[in-house]
file final_19.txt (compact mmCIF, C-alpha atoms and all ligand atoms)
# COMPACT_ATOMS: atom_id res chain seq x y z
CA MET A 1 94.21 70.98 91.33
CA ASN A 2 92.50 74.03 89.87
CA LYS A 3 90.81 75.69 92.85
CA THR A 4 88.35 78.53 93.26
CA VAL A 5 90.11 81.56 94.68
CA ARG A 6 88.77 84.02 97.22
CA ALA A 7 90.09 87.59 97.47
CA HIS A 8 88.83 90.23 99.90
CA THR A 9 88.44 93.91 99.12
CA ASN A 10 90.63 96.47 100.81
CA ILE A 11 90.19 100.09 101.82
CA ALA A 12 93.12 102.45 101.47
CA LEU A 13 94.02 104.44 104.58
CA ILE A 14 96.79 106.12 102.58
CA LYS A 15 95.38 106.51 99.08
CA TYR A 16 96.65 105.57 95.63
CA TRP A 17 95.44 108.41 93.43
CA GLY A 18 97.70 108.84 90.40
CA LYS A 19 99.59 106.77 87.87
CA ALA A 20 103.14 107.14 86.60
CA ASP A 21 102.46 104.48 83.94
CA ALA A 22 98.87 103.75 82.96
CA GLN A 23 99.66 100.55 81.04
CA LEU A 24 101.57 98.89 83.86
CA ARG A 25 99.57 100.70 86.53
CA LEU A 26 102.67 102.01 88.25
CA PRO A 27 101.52 104.50 90.88
CA LEU A 28 102.90 107.93 91.65
CA MET A 29 102.68 107.25 95.38
CA SER A 30 102.84 104.36 97.82
CA SER A 31 99.63 103.39 99.58
CA LEU A 32 98.49 101.43 102.61
CA SER A 33 95.28 99.53 103.16
CA MET A 34 93.18 97.42 105.46
CA THR A 35 91.80 94.18 103.99
CA LEU A 36 88.13 93.68 104.91
CA ASP A 37 86.46 90.46 106.04
CA ALA A 38 82.93 91.39 104.94
CA PHE A 39 83.46 91.80 101.20
CA TYR A 40 85.08 89.36 98.78
CA THR A 41 85.08 87.85 95.31
CA ASP A 42 85.26 84.11 94.48
CA THR A 43 86.67 83.27 91.06
CA LYS A 44 87.48 80.14 89.08
CA ILE A 45 89.01 80.07 85.61
CA GLU A 46 88.96 77.02 83.34
CA LYS A 47 90.35 76.38 79.87
CA VAL A 48 87.73 75.60 77.23
CA THR A 49 87.67 74.60 73.59
CA GLY A 50 84.64 76.84 72.88
CA PRO A 51 84.55 80.63 73.09
CA SER A 52 85.76 82.54 76.15
CA GLN A 53 82.97 83.55 78.51
CA PHE A 54 82.66 85.57 81.70
CA TYR A 55 79.96 84.78 84.26
CA LEU A 56 79.40 87.25 87.07
CA ASN A 57 77.05 86.15 89.85
CA ASN A 58 75.93 83.23 87.61
CA GLU A 59 74.97 85.51 84.72
CA GLN A 60 76.79 85.43 81.43
CA GLN A 61 78.19 88.90 80.70
CA SER A 62 78.05 90.68 77.35
CA ALA A 63 81.20 91.12 75.28
CA ALA A 64 81.35 94.77 76.36
CA ALA A 65 81.03 93.93 80.06
CA SER A 66 83.67 91.19 79.73
CA GLN A 67 86.18 93.30 77.88
CA ARG A 68 88.24 94.55 80.84
CA VAL A 69 88.49 91.00 82.21
CA PHE A 70 89.64 89.40 78.95
CA THR A 71 91.99 92.24 78.01
CA TYR A 72 93.60 91.67 81.39
CA LEU A 73 93.77 87.88 81.06
CA LYS A 74 95.32 88.24 77.59
CA LYS A 75 98.06 90.36 79.14
CA LEU A 76 98.74 87.59 81.65
CA GLN A 77 98.70 84.94 78.91
CA ASP A 78 101.24 86.93 76.89
CA ARG A 79 103.42 87.38 79.94
CA PHE A 80 103.51 83.64 80.67
CA GLN A 81 103.40 82.64 76.99
CA VAL A 82 100.31 80.51 77.42
CA THR A 83 97.20 80.45 75.25
CA GLY A 84 93.63 79.19 75.16
CA ASN A 85 90.05 80.29 75.61
CA LEU A 86 88.82 80.63 79.15
CA ILE A 87 85.62 80.41 81.14
CA VAL A 88 85.73 82.81 84.06
CA LYS A 89 83.18 82.43 86.84
CA SER A 90 83.08 85.09 89.56
CA ILE A 91 80.73 85.57 92.45
CA ASN A 92 80.96 89.01 93.89
CA HIS A 93 80.16 89.29 97.59
CA VAL A 94 80.66 93.04 97.36
CA PRO A 95 77.27 94.66 97.02
CA THR A 96 77.97 97.51 94.59
CA SER A 97 75.40 99.37 96.65
CA ALA A 98 77.64 99.23 99.71
CA GLY A 99 79.76 101.86 98.05
CA LEU A 100 82.84 99.71 98.02
CA ALA A 101 84.89 99.28 94.90
CA SER A 102 84.99 95.64 93.90
CA SER A 103 87.96 96.02 91.56
CA SER A 104 90.48 95.28 94.31
CA SER A 105 88.99 91.87 95.14
CA ALA A 106 87.98 91.19 91.52
CA PHE A 107 91.45 91.55 90.02
CA ALA A 108 93.28 89.95 92.94
CA ALA A 109 90.98 86.92 92.54
CA LEU A 110 91.45 86.90 88.75
CA ALA A 111 95.24 86.99 89.05
CA ALA A 112 95.30 84.10 91.55
CA ALA A 113 92.66 82.10 89.61
CA PHE A 114 94.70 82.54 86.41
CA CYS A 115 97.76 81.09 88.17
CA GLN A 116 95.63 78.18 89.43
CA CYS A 117 94.28 77.50 85.95
CA TYR A 118 97.72 77.33 84.32
CA GLU A 119 99.41 75.76 87.37
CA LEU A 120 101.85 78.63 87.66
CA GLU A 121 103.75 78.82 90.89
CA VAL A 122 104.21 82.43 91.89
CA THR A 123 105.31 84.15 95.06
CA PRO A 124 102.91 86.57 96.83
CA GLU A 125 105.09 89.39 95.53
CA GLU A 126 104.67 88.19 91.93
CA LEU A 127 100.96 87.69 92.46
CA SER A 128 100.70 91.25 93.75
CA ARG A 129 102.43 92.51 90.59
CA LEU A 130 100.02 90.51 88.41
CA ALA A 131 96.97 91.84 90.30
CA ARG A 132 98.33 95.39 90.03
CA ILE A 133 98.21 95.25 86.22
CA GLY A 134 94.44 94.64 86.43
CA SER A 135 93.65 97.31 89.01
CA GLY A 136 96.15 99.14 91.17
CA SER A 137 94.34 98.62 94.46
CA ALA A 138 94.15 94.84 93.75
CA SER A 139 97.90 94.59 94.41
CA ARG A 140 97.12 95.03 98.14
CA SER A 141 94.31 92.42 98.31
CA ILE A 142 96.82 89.56 98.12
CA TYR A 143 97.38 90.00 101.85
CA GLY A 144 95.22 90.11 104.94
CA GLY A 145 95.35 92.73 107.69
CA PHE A 146 97.38 95.77 106.72
CA ALA A 147 99.23 95.88 103.38
CA VAL A 148 101.56 98.44 101.85
CA TRP A 149 101.92 98.90 98.09
CA GLN A 150 105.37 100.33 97.57
CA LYS A 151 105.25 102.42 94.45
CA GLY A 152 108.57 101.26 92.96
CA ASP A 153 109.57 102.51 89.54
CA SER A 154 109.15 99.46 87.33
CA ASP A 155 107.00 96.40 86.90
CA GLN A 156 109.47 94.42 89.02
CA THR A 157 109.65 96.88 91.89
CA SER A 158 106.00 97.97 92.22
CA TYR A 159 104.14 95.50 94.43
CA ALA A 160 102.48 95.21 97.80
CA TYR A 161 103.76 93.48 100.90
CA ALA A 162 102.09 92.40 104.12
CA LEU A 163 102.70 94.92 106.88
CA ASP A 164 100.79 92.98 109.53
CA GLU A 165 98.53 90.10 108.51
CA LYS A 166 97.10 89.57 111.99
CA PRO A 167 96.83 93.03 113.52
CA ALA A 168 96.21 93.42 117.22
CA MET A 169 94.43 96.75 116.67
CA ASP A 170 90.78 97.03 117.60
CA LEU A 171 89.65 98.51 114.28
CA HIS A 172 86.26 98.36 112.61
CA LEU A 173 85.11 99.89 109.37
CA LEU A 174 81.45 100.78 109.00
CA ALA A 175 80.53 100.97 105.32
CA VAL A 176 77.55 103.31 105.11
CA GLU A 177 75.42 103.06 101.99
CA LEU A 178 74.36 106.68 101.53
CA ASN A 179 73.98 106.72 97.81
CA THR A 180 73.64 103.75 95.50
CA LYS A 181 74.00 105.56 92.18
CA GLN A 182 76.84 104.40 89.92
CA LYS A 183 79.77 106.76 90.23
CA LYS A 184 80.03 109.19 87.35
CA ILE A 185 83.81 109.37 87.21
CA SER A 186 85.75 106.09 87.38
CA SER A 187 88.84 105.91 89.59
CA THR A 188 90.97 105.54 86.47
CA HIS A 189 89.65 108.84 85.05
CA GLY A 190 89.44 110.68 88.36
CA MET A 191 93.06 110.03 89.24
CA LYS A 192 94.15 111.20 85.79
CA ASP A 193 92.19 114.45 85.99
CA ALA A 194 93.33 115.08 89.58
CA GLN A 195 96.88 115.67 88.39
CA SER A 196 95.87 119.09 87.04
CA SER A 197 95.42 120.37 90.61
CA PRO A 198 98.14 122.82 91.76
CA PHE A 199 98.15 120.84 95.02
CA PHE A 200 98.85 117.49 93.39
CA LYS A 201 102.67 117.76 93.46
CA PRO A 202 102.81 119.11 97.03
CA TRP A 203 100.55 116.23 98.04
CA LEU A 204 102.92 113.70 96.45
CA LYS A 205 105.75 115.20 98.49
CA ARG A 206 103.79 114.43 101.68
CA ASN A 207 103.26 110.79 100.74
CA ASP A 208 106.41 109.35 102.37
CA LEU A 209 105.75 111.30 105.55
CA GLU A 210 102.12 110.20 105.85
CA LEU A 211 102.91 106.61 104.93
CA ASN A 212 105.66 106.40 107.55
CA GLU A 213 103.42 107.98 110.19
CA MET A 214 100.69 105.48 109.37
CA ILE A 215 103.11 102.54 109.59
CA GLN A 216 104.22 103.87 112.98
CA ALA A 217 100.61 104.24 114.17
CA ILE A 218 100.00 100.59 113.24
CA LYS A 219 103.19 99.43 114.97
CA ASP A 220 102.19 101.40 118.07
CA ASN A 221 98.63 100.01 117.95
CA ASN A 222 97.50 103.64 118.03
CA PHE A 223 93.93 103.86 116.75
CA THR A 224 93.70 107.63 117.24
CA ALA A 225 96.79 108.34 115.14
CA LEU A 226 95.60 105.90 112.46
CA GLY A 227 92.13 107.48 112.28
CA GLN A 228 93.41 111.05 112.19
CA LEU A 229 95.89 110.26 109.43
CA ALA A 230 93.39 108.26 107.35
CA GLU A 231 90.91 111.13 107.52
CA LEU A 232 93.55 113.71 106.61
CA ASN A 233 94.81 111.65 103.69
CA ALA A 234 91.30 111.09 102.32
CA ASN A 235 90.49 114.79 102.64
CA GLU A 236 93.70 115.64 100.81
CA MET A 237 92.66 113.39 97.94
CA HIS A 238 89.24 115.01 97.73
CA ALA A 239 90.74 118.51 98.04
CA ILE A 240 92.92 117.64 95.04
CA ASN A 241 89.80 116.73 93.06
CA LEU A 242 88.08 119.97 94.06
CA THR A 243 91.06 121.99 92.87
CA ALA A 244 91.67 120.08 89.62
CA GLN A 245 91.11 122.04 86.42
CA PRO A 246 88.28 121.56 85.69
CA GLU A 247 87.33 120.69 89.24
CA PHE A 248 85.22 117.69 90.17
CA THR A 249 84.04 115.97 93.32
CA TYR A 250 82.64 112.61 94.36
CA PHE A 251 80.84 114.22 97.27
CA GLU A 252 77.05 114.41 97.33
CA PRO A 253 75.02 116.36 99.89
CA GLN A 254 74.71 113.21 102.06
CA THR A 255 78.50 112.88 102.08
CA ILE A 256 78.84 116.26 103.81
CA GLN A 257 75.98 115.40 106.17
CA ALA A 258 77.80 112.17 107.10
CA ILE A 259 81.09 114.02 107.66
CA LYS A 260 79.26 116.42 110.01
CA LEU A 261 77.80 113.49 111.91
CA VAL A 262 81.26 111.98 112.42
CA GLU A 263 82.46 115.38 113.70
CA GLN A 264 79.44 115.61 116.01
CA LEU A 265 80.03 112.11 117.39
CA ARG A 266 83.65 112.99 118.06
CA ALA A 267 82.61 116.18 119.83
CA GLU A 268 80.46 113.99 122.09
CA GLY A 269 83.46 111.81 122.92
CA ILE A 270 82.56 108.91 120.61
CA GLU A 271 85.83 108.45 118.81
CA CYS A 272 85.49 107.82 115.08
CA TYR A 273 87.04 108.98 111.81
CA TYR A 274 86.09 108.70 108.16
CA THR A 275 87.63 107.82 104.86
CA ILE A 276 86.06 108.26 101.43
CA ASP A 277 87.05 106.70 98.11
CA ALA A 278 86.04 107.53 94.55
CA GLY A 279 82.34 107.73 95.37
CA PRO A 280 79.88 109.52 97.66
CA ASN A 281 79.81 106.92 100.43
CA ILE A 282 81.58 107.21 103.73
CA LYS A 283 83.47 104.54 105.66
CA VAL A 284 83.65 105.16 109.38
CA LEU A 285 86.68 103.91 111.30
CA CYS A 286 85.96 103.07 114.92
CA GLN A 287 86.59 100.65 117.76
CA LEU A 288 84.27 97.80 118.66
CA ARG A 289 82.95 99.44 121.83
CA ASN A 290 81.59 102.43 119.88
CA SER A 291 80.35 100.63 116.77
CA LYS A 292 76.82 99.97 118.03
CA GLU A 293 76.23 103.59 119.03
CA ILE A 294 77.64 104.91 115.74
CA ILE A 295 75.45 102.53 113.71
CA GLN A 296 72.40 103.70 115.67
CA ARG A 297 73.19 107.37 115.08
CA PHE A 298 73.73 106.84 111.35
CA SER A 299 70.52 104.79 111.13
CA SER A 300 68.46 107.53 112.73
CA GLU A 301 70.10 110.38 110.79
CA PHE A 302 69.82 108.58 107.44
CA ASN A 303 66.53 106.74 107.86
CA ASN A 304 67.66 103.14 108.36
CA VAL A 305 70.51 103.36 105.90
CA LYS A 306 72.31 100.06 105.23
CA ILE A 307 75.54 99.77 107.19
CA VAL A 308 78.00 96.88 107.07
CA ASN A 309 80.36 96.43 110.00
CA ALA A 310 83.67 95.04 108.74
CA SER A 311 86.99 94.24 110.34
CA PHE A 312 90.22 92.61 109.17
CA GLY A 313 89.98 90.04 106.41
CA PRO A 314 92.51 87.46 105.22
CA GLY A 315 94.67 87.44 102.11
CA ILE A 316 94.08 85.22 99.08
CA THR A 317 92.50 81.92 100.08
CA TYR A 318 91.94 78.78 98.02
CA LEU A 319 88.55 77.07 98.31
CA ASP A 320 87.28 73.50 97.45
C1 LIG A 401 90.35 105.92 95.68
O1 LIG A 401 92.59 100.60 91.96
O2 LIG A 401 90.26 101.25 91.23
O3 LIG A 401 90.12 103.57 95.96
O4 LIG A 401 94.24 101.14 88.99
O5 LIG A 401 92.68 102.56 87.69
O6 LIG A 401 91.94 100.30 88.50
P1 LIG A 401 92.80 101.53 88.75
O7 LIG A 401 92.25 102.23 90.06
P2 LIG A 401 91.69 101.63 91.42
O8 LIG A 401 91.77 102.95 92.30
C2 LIG A 401 91.54 102.97 93.67
C3 LIG A 401 91.45 104.37 94.13
C4 LIG A 401 91.04 104.57 95.57
C5 LIG A 401 92.23 104.60 96.50
C6 LIG A 401 92.92 103.29 96.79
O9 LIG A 401 92.28 102.23 96.81
O10 LIG A 401 94.14 103.35 97.05
call {"tool": "encode", "arguments": {"input": "final_19.txt", "output": "structure tokens", "more": "lines below"}}
Ligand code: DP6
result
Amino acid sequence: MNKTVRAHTNIALIKYWGKADAQLRLPLMSSLSMTLDAFYTDTKIEKVTGPSQFYLNNEQQSAAASQRVFTYLKKLQDRFQVTGNLIVKSINHVPTSAGLASSSSAFAALAAAFCQCYELEVTPEELSRLARIGSGSASRSIYGGFAVWQKGDSDQTSYAYALDEKPAMDLHLLAVELNTKQKKISSTHGMKDAQSSPFFKPWLKRNDLELNEMIQAIKDNNFTALGQLAELNANEMHAINLTAQPEFTYFEPQTIQAIKLVEQLRAEGIECYYTIDAGPNIKVLCQLRNSKEIIQRFSSEFNNVKIVNASFGPGITYLD
């Protein structure tokens, strides 16, 4: 039976920020993420005799807005040698305003919904490869908990695997909506431009080290080591952007203010760390016992800013 598919977004703790092959979306580095329970995309794809259409949140999308989706689905059709027009219906439970990229859940859901539609039986590894072609970070949203996307060096060898689908770690992510403006530089463009930084290659060399340390921190259930590494890795990515030629940054004044607040909280003994993706918003990593206090401090500093408290989400699930 052709089911609706649910995929959750993920946040990288070790970032993917560079492509070796833009067509296949083969990355230059391995990455590691946490799948989030609070944000997800539900998608169903059906074959139709009429024209292909894409509905997002119950609204039919223009040809331009649908282009990335149908270009992607055509790639999958070619790969499996299947044809036909398609109706794609997606409901995005990822408020764009929350500062979280929806492409990870969107393309993971599309890949799985495509397989449902054509009754293709694929392994999680194959599904991860299919999602990767749509958006690199989507390769990790196939799994719950912690996932690692091993970079590989070909379409066959570049996919994510589940590191720990039911982690014991007390880990919360507070998504703070500092700035709701659309980002000016897409991830795809940002990661291309970043390669002009003199620090890009040295950063790549550190990837194995940081990834292994992060895997160890997870195995040891060591929140402090995980937070410190996630913050370092995110800052490295943003330092690369600042030293690209020409330089660019996703930071806005509120981003710096939020970083300072995290530092201040830490100085007061409230343990928390931050990570930042291709946008101005900050995600605070903390443990349950401190989450209330941190939310209160952010709310008073940023005038009742919207904050979503997320923890571990599951991998691909099939609804109906
Ligand atoms: C900063 O997966 O959105 O969130 O493959 O071009 O679609 P494309 O990029 P995308 O990039 C995500 C970048 C990041 C880090 C990460 O999620 O690893």
call {"tool": "closest_residue", "arguments": {"input": "final_19.txt", "among": "A:His93, A:Lys44, A:Arg266, A:Arg25", "to": "ligand LIG 401 (chain A)", "atoms": "only C-alpha atoms and all ligand atoms"}}
result
A:Arg25
call {"tool": "residues_around", "arguments": {"input": "final_19.txt", "residues": "stretch 245-261 of chain A", "least_positions_apart": "6", "cutoff": "12 Å", "atoms": "all atoms listed in the file", "output": "PDB file with C-alpha atoms, in the coordinates of the input"}}
result
ATOM      1  CA  GLY A  99      79.760 101.860  98.050  1.00  0.00           C
ATOM      2  CA  ALA A 175      80.530 100.970 105.320  1.00  0.00           C
ATOM      3  CA  VAL A 176      77.550 103.310 105.110  1.00  0.00           C
ATOM      4  CA  GLU A 177      75.420 103.060 101.990  1.00  0.00           C
ATOM      5  CA  LEU A 178      74.360 106.680 101.530  1.00  0.00           C
ATOM      6  CA  ASN A 179      73.980 106.720  97.810  1.00  0.00           C
ATOM      7  CA  THR A 180      73.640 103.750  95.500  1.00  0.00           C
ATOM      8  CA  LYS A 181      74.000 105.560  92.180  1.00  0.00           C
ATOM      9  CA  GLN A 182      76.840 104.400  89.920  1.00  0.00           C
ATOM     10  CA  LYS A 183      79.770 106.760  90.230  1.00  0.00           C
ATOM     11  CA  LYS A 184      80.030 109.190  87.350  1.00  0.00           C
ATOM     12  CA  ILE A 185      83.810 109.370  87.210  1.00  0.00           C
ATOM     13  CA  SER A 186      85.750 106.090  87.380  1.00  0.00           C
ATOM     14  CA  SER A 187      88.840 105.910  89.590  1.00  0.00           C
ATOM     15  CA  HIS A 189      89.650 108.840  85.050  1.00  0.00           C
ATOM     16  CA  GLY A 190      89.440 110.680  88.360  1.00  0.00           C
ATOM     17  CA  MET A 191      93.060 110.030  89.240  1.00  0.00           C
ATOM     18  CA  LYS A 192      94.150 111.200  85.790  1.00  0.00           C
ATOM     19  CA  ASP A 193      92.190 114.450  85.990  1.00  0.00           C
ATOM     20  CA  ALA A 194      93.330 115.080  89.580  1.00  0.00           C
ATOM     21  CA  GLN A 195      96.880 115.670  88.390  1.00  0.00           C
ATOM     22  CA  SER A 196      95.870 119.090  87.040  1.00  0.00           C
ATOM     23  CA  SER A 197      95.420 120.370  90.610  1.00  0.00           C
ATOM     24  CA  PRO A 198      98.140 122.820  91.760  1.00  0.00           C
ATOM     25  CA  PHE A 199      98.150 120.840  95.020  1.00  0.00           C
ATOM     26  CA  PHE A 200      98.850 117.490  93.390  1.00  0.00           C
ATOM     27  CA  GLU A 231      90.910 111.130 107.520  1.00  0.00           C
ATOM     28  CA  ALA A 234      91.300 111.090 102.320  1.00  0.00           C
ATOM     29  CA  ASN A 235      90.490 114.790 102.640  1.00  0.00           C
ATOM     30  CA  MET A 237      92.660 113.390  97.940  1.00  0.00           C
ATOM     31  CA  HIS A 238      89.240 115.010  97.730  1.00  0.00           C
ATOM     32  CA  ALA A 239      90.740 118.510  98.040  1.00  0.00           C
ATOM     33  CA  ALA A 267      82.610 116.180 119.830  1.00  0.00           C
ATOM     34  CA  GLU A 268      80.460 113.990 122.090  1.00  0.00           C
ATOM     35  CA  ILE A 270      82.560 108.910 120.610  1.00  0.00           C
ATOM     36  CA  GLU A 271      85.830 108.450 118.810  1.00  0.00           C
ATOM     37  CA  CYS A 272      85.490 107.820 115.080  1.00  0.00           C
ATOM     38  CA  TYR A 273      87.040 108.980 111.810  1.00  0.00           C
ATOM     39  CA  TYR A 274      86.090 108.700 108.160  1.00  0.00           C
ATOM     40  CA  THR A 275      87.630 107.820 104.860  1.00  0.00           C
ATOM     41  CA  ILE A 276      86.060 108.260 101.430  1.00  0.00           C
ATOM     42  CA  ASP A 277      87.050 106.700  98.110  1.00  0.00           C
ATOM     43  CA  ALA A 278      86.040 107.530  94.550  1.00  0.00           C
ATOM     44  CA  GLY A 279      82.340 107.730  95.370  1.00  0.00           C
ATOM     45  CA  PRO A 280      79.880 109.520  97.660  1.00  0.00           C
ATOM     46  CA  ASN A 281      79.810 106.920 100.430  1.00  0.00           C
ATOM     47  CA  ILE A 282      81.580 107.210 103.730  1.00  0.00           C
ATOM     48  CA  LYS A 283      83.470 104.540 105.660  1.00  0.00           C
ATOM     49  CA  VAL A 284      83.650 105.160 109.380  1.00  0.00           C
ATOM     50  CA  ILE A 294      77.640 104.910 115.740  1.00  0.00           C
ATOM     51  CA  ILE A 295      75.450 102.530 113.710  1.00  0.00           C
ATOM     52  CA  GLN A 296      72.400 103.700 115.670  1.00  0.00           C
ATOM     53  CA  ARG A 297      73.190 107.370 115.080  1.00  0.00           C
ATOM     54  CA  PHE A 298      73.730 106.840 111.350  1.00  0.00           C
ATOM     55  CA  SER A 299      70.520 104.790 111.130  1.00  0.00           C
ATOM     56  CA  SER A 300      68.460 107.530 112.730  1.00  0.00           C
ATOM     57  CA  GLU A 301      70.100 110.380 110.790  1.00  0.00           C
ATOM     58  CA  PHE A 302      69.820 108.580 107.440  1.00  0.00           C
ATOM     59  CA  ASN A 303      66.530 106.740 107.860  1.00  0.00           C
ATOM     60  CA  VAL A 305      70.510 103.360 105.900  1.00  0.00           C
TER      61      VAL A 305
END
call {"tool": "residues_near_ligand", "arguments": {"input": "final_19.txt", "ligand": "ligand LIG 401 (chain A)", "cutoff": "7 Å", "atoms": "only C-alpha atoms and all ligand atoms", "output": "MDAnalysis selection string"}}
result
chainID A and resid 11:12 14:17 25 31 101 103:104 134:138 187:188 277:278
call {"tool": "residues_around", "arguments": {"input": "final_19.txt", "residues": "stretch 144-154 of chain A", "least_positions_apart": "4", "cutoff": "8 Å", "atoms": "all atoms listed in the file", "output": "ChimeraX atom specification"}}
result
/A:26-36,139-140,158-167,312-316
call {"tool": "atom_distance", "arguments": {"input": "final_19.txt", "atom1": "atom CA of A:Gln53", "atom2": "atom CA of A:Gln77"}}
result
15.8 Å
call {"tool": "atom_distance", "arguments": {"input": "final_19.txt", "atom1": "atom CA of A:Glu46", "atom2": "atom CA of A:Val88"}}
result
6.7 Å
call {"tool": "atom_distance", "arguments": {"input": "final_19.txt", "atom1": "atom CA of A:Lys89", "atom2": "atom CA of A:Ile45"}}
result
6.4 Å
call {"tool": "closest_residue", "arguments": {"input": "final_19.txt", "among": "A:Ala131, A:Val82, A:Cys117, A:Leu229", "to": "A:Val69", "atoms": "only C-alpha atoms"}}
result
A:Ala131
call {"tool": "closest_residue", "arguments": {"input": "final_19.txt", "among": "A:Leu288, A:Met214, A:Ala111, A:Leu265", "to": "A:Ala7", "atoms": "only C-alpha atoms"}}
result
A:Ala111
call {"tool": "closest_residue", "arguments": {"input": "final_19.txt", "among": "A:Lys3, A:His172, A:Lys205, A:Lys292", "to": "A:Phe223", "atoms": "all atoms listed in the file"}}
result
A:His172
call {"tool": "closest_residue", "arguments": {"input": "final_19.txt", "among": "A:Ser141, A:Ile91, A:Asn207, A:Glu121", "to": "A:Gln60", "atoms": "only C-alpha atoms"}}
result
A:Ile91
call {"tool": "closest_residue", "arguments": {"input": "final_19.txt", "among": "A:Ser52, A:Ser128, A:Gln264, A:Asn309", "to": "A:Leu285", "atoms": "all atoms listed in the file"}}
result
A:Asn309
call {"tool": "residues_near_point", "arguments": {"input": "final_19.txt", "point": "(89.9, 88.1, 92.8)", "cutoff": "6 Å", "atoms": "only C-alpha atoms", "output": "PyMOL selection string"}}
result
chain A and resi 7+41+105-110
call {"tool": "decode", "arguments": {"input": "final_19.txt", "residues": "stretch 58-69 of chain A", "atoms": "N, CA, C and O atoms", "output": "JSON list (two decimals), in the first residue's frame"}}
result
[["chain", "number", "residue", "atom", "x", "y", "z"],
["A", 58, "ASN", "N", -0.81, 22.11, 1.61],
["A", 58, "ASN", "CA", -2.11, 22.19, 0.93],
["A", 58, "ASN", "C", -2.21, 23.29, -0.12],
["A", 58, "ASN", "O", -3.31, 23.57, -0.60],
["A", 59, "GLU", "N", -1.12, 23.90, -0.50],
["A", 59, "GLU", "CA", -1.17, 24.92, -1.56],
["A", 59, "GLU", "C", -0.39, 24.45, -2.77],
["A", 59, "GLU", "O", 0.77, 24.04, -2.64],
["A", 60, "GLN", "N", -1.05, 24.57, -3.93],
["A", 60, "GLN", "CA", -0.35, 24.16, -5.15],
["A", 60, "GLN", "C", 0.80, 25.12, -5.42],
["A", 60, "GLN", "O", 0.63, 26.34, -5.37],
["A", 61, "GLN", "N", 1.97, 24.58, -5.72],
["A", 61, "GLN", "CA", 3.16, 25.40, -5.92],
["A", 61, "GLN", "C", 3.35, 25.73, -7.40],
["A", 61, "GLN", "O", 2.98, 24.94, -8.27],
["A", 62, "SER", "N", 3.94, 26.87, -7.66],
["A", 62, "SER", "CA", 4.20, 27.29, -9.04],
["A", 62, "SER", "C", 5.24, 26.36, -9.66],
["A", 62, "SER", "O", 5.94, 25.62, -8.94],
["A", 63, "ALA", "N", 5.35, 26.44, -10.98],
["A", 63, "ALA", "CA", 6.34, 25.60, -11.69],
["A", 63, "ALA", "C", 7.73, 25.90, -11.14],
["A", 63, "ALA", "O", 8.53, 24.97, -10.90],
["A", 64, "ALA", "N", 8.02, 27.18, -10.91],
["A", 64, "ALA", "CA", 9.36, 27.55, -10.42],
["A", 64, "ALA", "C", 9.63, 26.95, -9.04],
["A", 64, "ALA", "O", 10.69, 26.38, -8.79],
["A", 65, "ALA", "N", 8.62, 27.04, -8.17],
["A", 65, "ALA", "CA", 8.80, 26.53, -6.80],
["A", 65, "ALA", "C", 8.86, 25.00, -6.76],
["A", 65, "ALA", "O", 9.38, 24.41, -5.82],
["A", 66, "SER", "N", 8.31, 24.37, -7.81],
["A", 66, "SER", "CA", 8.28, 22.89, -7.85],
["A", 66, "SER", "C", 9.50, 22.31, -8.53],
["A", 66, "SER", "O", 9.70, 21.09, -8.51],
["A", 67, "GLN", "N", 10.28, 23.18, -9.14],
["A", 67, "GLN", "CA", 11.34, 22.68, -10.03],
["A", 67, "GLN", "C", 12.33, 21.73, -9.34],
["A", 67, "GLN", "O", 12.65, 20.67, -9.86],
["A", 68, "ARG", "N", 12.81, 22.14, -8.15],
["A", 68, "ARG", "CA", 13.82, 21.31, -7.48],
["A", 68, "ARG", "C", 13.25, 19.92, -7.15],
["A", 68, "ARG", "O", 13.93, 18.91, -7.28],
["A", 69, "VAL", "N", 11.97, 19.90, -6.78],
["A", 69, "VAL", "CA", 11.32, 18.63, -6.43],
["A", 69, "VAL", "C", 11.22, 17.72, -7.65],
["A", 69, "VAL", "O", 11.60, 16.54, -7.61]]
